[in-house]
Amino acid sequence: MPLDTARPFIPLRIAVLTVSDTRTLADDRSGDTLAARLSEAGHALAARAIVPDEVAAIRGQVQAWIADPGIDVVITTGGTGFTGRDVTPEALEPLFEKRMDGFSAIFHRISYDKIGTSTLQSRATAGVAGATYVFVLPGSPGACRDAWDGILAAQLDYRHRPCNFVEIMPRLDEHLKRGA
């Protein structure tokens with residue numbers, strides 16, 4: 001899809017959370033992949049952290065970022081599989097006011113083209129929580145590249161046509177204001 005170069009680029013403030021019991025900043029290739037790609041696109045890395053595969057730790061960090069007016073988007077990597085320690089969707093989906101089912105569908109279509117039916121082993125998901133976009137990605141650098149290059153780079157660019165996530169950001173909290 002084309003970019004409308006008459007529109008200005010609007011840099012977003014994006015936080016990256018790696019969910020892992022074993023990774024550190026020194027060997028977090030998936031977090032590095034996301035940080036590099038979002039920076040290369042012109043966005044700001046607003047925060048970065050690593051938490052263990054524990055519901056409370058994952059949810060607590062993401063809730064703090066959702067509450068931070070300096071963060072527009074949260075991207076997590078890791079914990080989307082089926083093993084006993086994979087709990088990122090369980091930690092974050094209850095926070096979603098709106099689920100983004102299309103994200104998972106498109107992610108799996110892109111992933112299928114690269115890894116075939118192995119894509120079934122990911123529970124990638126996304127949603128909106130507190131007027132913040134939250135994307136939950138698998139823990140591999142390849143999956144992070146696929147999600148960024150195939151979906152997020154375009155949808156987080158205000159110039160992307162015919163529509164994008166950035167242009168609706170000012171209206172993400174309308175439902176929160178309605179009852180006030």
# chains A, B, ... in the order shown; residues from 1 in each chain; ligands from 1
>>> residues_around(residues="region 85-97 of chain A", least_positions_apart="2", cutoff="9 Å", atoms="only C-alpha atoms", output="JSON, numbers by chain")
{"A": [19, 21, 53, 54, 55, 56, 57, 58, 59, 62, 63, 76, 77, 78, 79, 80, 81, 82, 83, 99, 123, 124, 125, 126, 127, 128, 129, 130, 131, 134, 136]}
>>> select_by_dssp(residues="chain A", states="alpha helix (DSSP H)", output="number ranges by chain")
A: 29-40, 55-67, 88-92, 101-115, 141-147, 153-155, 165-168, 174-178
>>> select_by_dssp(residues="chain A", states="strand (DSSP E)", output="number ranges by chain")
A: 13-19, 44-51, 73-77, 98-99, 125-129, 132-137
>>> residues_around(residues="Ile106 (chain A)", least_positions_apart="5", cutoff="9 Å", atoms="only C-alpha atoms", output="PDB file with N, CA and C atoms, in the first residue's frame")
ATOM      1  N   ASP A 101      -8.647  -8.874  16.599  1.00  0.00           N
ATOM      2  CA  ASP A 101      -8.584 -10.226  16.046  1.00  0.00           C
ATOM      3  C   ASP A 101      -7.858 -10.268  14.702  1.00  0.00           C
ATOM      4  N   SER A 111       3.197 -15.514   8.769  1.00  0.00           N
ATOM      5  CA  SER A 111       4.033 -16.549   9.361  1.00  0.00           C
ATOM      6  C   SER A 111       3.915 -17.870   8.603  1.00  0.00           C
ATOM      7  N   ALA A 147       6.216  -9.572  12.105  1.00  0.00           N
ATOM      8  CA  ALA A 147       5.144  -8.718  12.621  1.00  0.00           C
ATOM      9  C   ALA A 147       5.433  -7.254  12.331  1.00  0.00           C
ATOM     10  N   GLY A 150       5.633  -6.804   8.257  1.00  0.00           N
ATOM     11  CA  GLY A 150       4.416  -7.146   7.549  1.00  0.00           C
ATOM     12  C   GLY A 150       3.158  -6.450   8.025  1.00  0.00           C
ATOM     13  N   ILE A 151       3.179  -5.913   9.255  1.00  0.00           N
ATOM     14  CA  ILE A 151       1.969  -5.296   9.813  1.00  0.00           C
ATOM     15  C   ILE A 151       2.253  -3.947  10.466  1.00  0.00           C
TER      16      ILE A 151
END
>>> residues_around(residues="region 40-47 of chain A", least_positions_apart="6", cutoff="7 Å", atoms="only C-alpha atoms", output="list in words")
Pro11, Leu12, Arg13, Ile14, Ala15, Val16 and Ile71 of chain A
>>> residues_around(residues="Leu25 (chain A)", least_positions_apart="6", cutoff="9 Å", atoms="only C-alpha atoms", output="list in words")
Gly31, Asp32, Ala49 and Ile50 of chain A
>>> write_last_selection(atoms="all heavy atoms", output="PDB file, in the first residue's frame")
ATOM      1  N   GLY A  31      14.035  -8.498  21.366  1.00  0.00           N
ATOM      2  CA  GLY A  31      13.883  -7.109  21.798  1.00  0.00           C
ATOM      3  C   GLY A  31      14.759  -6.179  20.981  1.00  0.00           C
ATOM      4  O   GLY A  31      14.338  -5.079  20.604  1.00  0.00           O
ATOM      5  N   ASP A  32      15.992  -6.622  20.692  1.00  0.00           N
ATOM      6  CA  ASP A  32      16.895  -5.820  19.854  1.00  0.00           C
ATOM      7  C   ASP A  32      16.304  -5.612  18.458  1.00  0.00           C
ATOM      8  O   ASP A  32      16.395  -4.518  17.895  1.00  0.00           O
ATOM      9  CB  ASP A  32      18.258  -6.510  19.705  1.00  0.00           C
ATOM     10  CG  ASP A  32      19.089  -6.498  20.976  1.00  0.00           C
ATOM     11  OD1 ASP A  32      18.780  -5.721  21.904  1.00  0.00           O
ATOM     12  OD2 ASP A  32      20.058  -7.286  21.037  1.00  0.00           O
ATOM     13  N   ALA A  49      12.127  -3.338  28.736  1.00  0.00           N
ATOM     14  CA  ALA A  49      12.300  -4.125  29.953  1.00  0.00           C
ATOM     15  C   ALA A  49      12.233  -5.607  29.608  1.00  0.00           C
ATOM     16  O   ALA A  49      11.769  -5.993  28.543  1.00  0.00           O
ATOM     17  CB  ALA A  49      11.216  -3.780  30.973  1.00  0.00           C
ATOM     18  N   ILE A  50      12.717  -6.403  30.565  1.00  0.00           N
ATOM     19  CA  ILE A  50      12.599  -7.852  30.500  1.00  0.00           C
ATOM     20  C   ILE A  50      11.970  -8.303  31.810  1.00  0.00           C
ATOM     21  O   ILE A  50      12.400  -7.866  32.885  1.00  0.00           O
ATOM     22  CB  ILE A  50      13.968  -8.530  30.303  1.00  0.00           C
ATOM     23  CG1 ILE A  50      14.589  -8.096  28.974  1.00  0.00           C
ATOM     24  CG2 ILE A  50      13.830 -10.051  30.365  1.00  0.00           C
ATOM     25  CD1 ILE A  50      15.986  -8.640  28.718  1.00  0.00           C
TER      26      ILE A  50
END
>>> closest_residue(among="A:Leu38, A:Pro138, A:Arg161, A:Asp146", to="Val73 (chain A)", atoms="only C-alpha atoms")
A:Leu38
>>> closest_residue(among="A:Thr22, A:Thr5, A:Thr132, A:Ser104", to="Leu172 (chain A)", atoms="only C-alpha atoms")
A:Thr132
>>> closest_residue(among="A:Trp65, A:Tyr112, A:Phe9, A:Phe135", to="Trp148 (chain A)", atoms="only C-alpha atoms")
A:Phe135
>>> atom_distance(atom1="CA of Met169 (chain A)", atom2="CA of Tyr133 (chain A)")
8.9 Å
>>> decode(residues="region 22-155 of chain A", atoms="C-alpha atoms", output="short mmCIF file (atom, residue, chain, number, x, y, z; two decimals), in the first residue's frame")
data_model
loop_
_atom_site.label_atom_id
_atom_site.label_comp_id
_atom_site.auth_asym_id
_atom_site.auth_seq_id
_atom_site.Cartn_x
_atom_site.Cartn_y
_atom_site.Cartn_z
CA THR A 22 16.47 -16.62 30.65
CA ARG A 23 17.12 -13.52 28.53
CA THR A 24 19.06 -10.42 29.56
CA LEU A 25 19.51 -7.16 27.66
CA ALA A 26 22.87 -8.51 26.49
CA ASP A 27 21.31 -11.48 24.64
CA ASP A 28 17.76 -10.32 23.89
CA ARG A 29 17.77 -10.67 20.09
CA SER A 30 13.99 -10.31 19.75
CA GLY A 31 13.88 -7.11 21.80
CA ASP A 32 16.89 -5.82 19.85
CA THR A 33 15.10 -6.58 16.57
CA LEU A 34 12.02 -4.60 17.60
CA ALA A 35 14.03 -1.71 19.06
CA ALA A 36 16.13 -1.42 15.90
CA ARG A 37 13.17 -1.59 13.52
CA LEU A 38 11.04 0.94 15.35
CA SER A 39 13.98 3.33 15.64
CA GLU A 40 14.88 2.92 11.97
CA ALA A 41 11.25 3.75 11.11
CA GLY A 42 11.57 7.05 13.02
CA HIS A 43 9.71 6.12 16.21
CA ALA A 44 11.09 6.56 19.73
CA LEU A 45 11.95 3.65 21.99
CA ALA A 46 10.13 4.98 25.05
CA ALA A 47 11.02 2.11 27.38
CA ARG A 48 12.41 -1.38 27.35
CA ALA A 49 12.30 -4.12 29.95
CA ILE A 50 12.60 -7.85 30.50
CA VAL A 51 10.31 -9.69 32.90
CA PRO A 52 9.99 -13.38 33.77
CA ASP A 53 7.19 -15.58 32.43
CA GLU A 54 4.87 -14.70 35.32
CA VAL A 55 1.38 -13.23 34.91
CA ALA A 56 1.82 -10.63 37.66
CA ALA A 57 5.18 -9.40 36.35
CA ILE A 58 3.98 -9.18 32.74
CA ARG A 59 0.67 -7.51 33.60
CA GLY A 60 2.27 -5.12 36.08
CA GLN A 61 4.84 -3.82 33.61
CA VAL A 62 2.33 -3.41 30.80
CA GLN A 63 -0.21 -1.72 33.07
CA ALA A 64 2.45 0.78 34.14
CA TRP A 65 3.21 1.57 30.51
CA ILE A 66 -0.49 1.84 29.63
CA ALA A 67 -0.87 4.39 32.44
CA ASP A 68 2.15 6.37 31.20
CA PRO A 69 1.05 9.23 28.90
CA GLY A 70 4.53 9.11 27.33
CA ILE A 71 3.86 5.68 25.77
CA ASP A 72 1.59 5.18 22.75
CA VAL A 73 2.27 1.53 21.91
CA VAL A 74 3.47 -1.54 23.82
CA ILE A 75 5.00 -4.48 21.97
CA THR A 76 5.78 -7.66 23.88
CA THR A 77 7.84 -10.58 22.66
CA GLY A 78 7.80 -14.03 24.19
CA GLY A 79 5.46 -16.28 26.12
CA THR A 80 2.90 -16.93 23.36
CA GLY A 81 3.41 -20.67 22.98
CA PHE A 82 1.73 -23.63 24.67
CA THR A 83 4.21 -24.65 27.36
CA GLY A 84 3.42 -24.23 31.03
CA ARG A 85 5.51 -21.06 31.32
CA ASP A 86 3.91 -19.34 28.26
CA VAL A 87 1.41 -16.97 29.91
CA THR A 88 1.68 -13.64 28.06
CA PRO A 89 -1.78 -13.82 26.41
CA GLU A 90 -3.34 -14.81 29.75
CA ALA A 91 -1.60 -11.86 31.42
CA LEU A 92 -2.58 -9.25 28.83
CA GLU A 93 -5.85 -10.17 27.12
CA PRO A 94 -7.88 -9.36 30.28
CA LEU A 95 -6.56 -5.77 29.98
CA PHE A 96 -7.92 -5.35 26.44
CA GLU A 97 -10.97 -3.13 26.14
CA LYS A 98 -11.01 -4.01 22.45
CA ARG A 99 -9.41 -7.09 20.89
CA MET A 100 -7.73 -6.82 17.52
CA ASP A 101 -8.58 -10.23 16.05
CA GLY A 102 -7.34 -9.19 12.60
CA PHE A 103 -3.80 -8.79 13.93
CA SER A 104 -3.58 -12.47 14.82
CA ALA A 105 -5.12 -13.52 11.52
CA ILE A 106 -2.70 -11.44 9.44
CA PHE A 107 0.28 -12.41 11.60
CA HIS A 108 -0.50 -16.10 11.06
CA ARG A 109 -0.94 -15.63 7.30
CA ILE A 110 2.48 -13.96 7.07
CA SER A 111 4.03 -16.55 9.36
CA TYR A 112 2.51 -19.46 7.43
CA ASP A 113 4.28 -18.27 4.28
CA LYS A 114 7.61 -18.57 6.14
CA ILE A 115 7.25 -21.49 8.57
CA GLY A 116 4.16 -23.34 7.39
CA THR A 117 1.89 -24.99 9.90
CA SER A 118 4.35 -24.32 12.74
CA THR A 119 2.62 -20.93 13.00
CA LEU A 120 -0.13 -22.76 14.91
CA GLN A 121 2.21 -22.87 17.90
CA SER A 122 1.89 -19.11 18.43
CA ARG A 123 -0.90 -17.34 20.25
CA ALA A 124 0.05 -13.88 18.96
CA THR A 125 -2.65 -11.38 19.88
CA ALA A 126 -3.29 -7.65 20.13
CA GLY A 127 -5.73 -5.14 21.50
CA VAL A 128 -6.34 -1.69 22.87
CA ALA A 129 -6.06 -1.01 26.61
CA GLY A 130 -6.36 2.46 28.12
CA ALA A 131 -6.03 4.09 24.68
CA THR A 132 -2.72 2.25 24.17
CA TYR A 133 -2.09 -0.32 21.45
CA VAL A 134 -0.71 -3.59 22.82
CA PHE A 135 0.83 -6.19 20.48
CA VAL A 136 1.79 -9.62 21.84
CA LEU A 137 4.38 -11.34 19.64
CA PRO A 138 6.22 -14.65 19.80
CA GLY A 139 9.74 -14.68 21.21
CA SER A 140 11.73 -15.36 18.05
CA PRO A 141 13.55 -12.60 16.15
CA GLY A 142 12.00 -13.92 12.92
CA ALA A 143 8.47 -13.55 14.28
CA CYS A 144 9.29 -10.03 15.48
CA ARG A 145 10.64 -9.14 12.03
CA ASP A 146 7.55 -10.60 10.36
CA ALA A 147 5.14 -8.72 12.62
CA TRP A 148 7.00 -5.42 12.29
CA ASP A 149 7.73 -5.60 8.55
CA GLY A 150 4.42 -7.15 7.55
CA ILE A 151 1.97 -5.30 9.81
CA LEU A 152 3.26 -2.79 12.33
CA ALA A 153 5.55 -0.68 10.14
CA ALA A 154 2.61 0.31 7.93
CA GLN A 155 -0.12 0.52 10.55
#
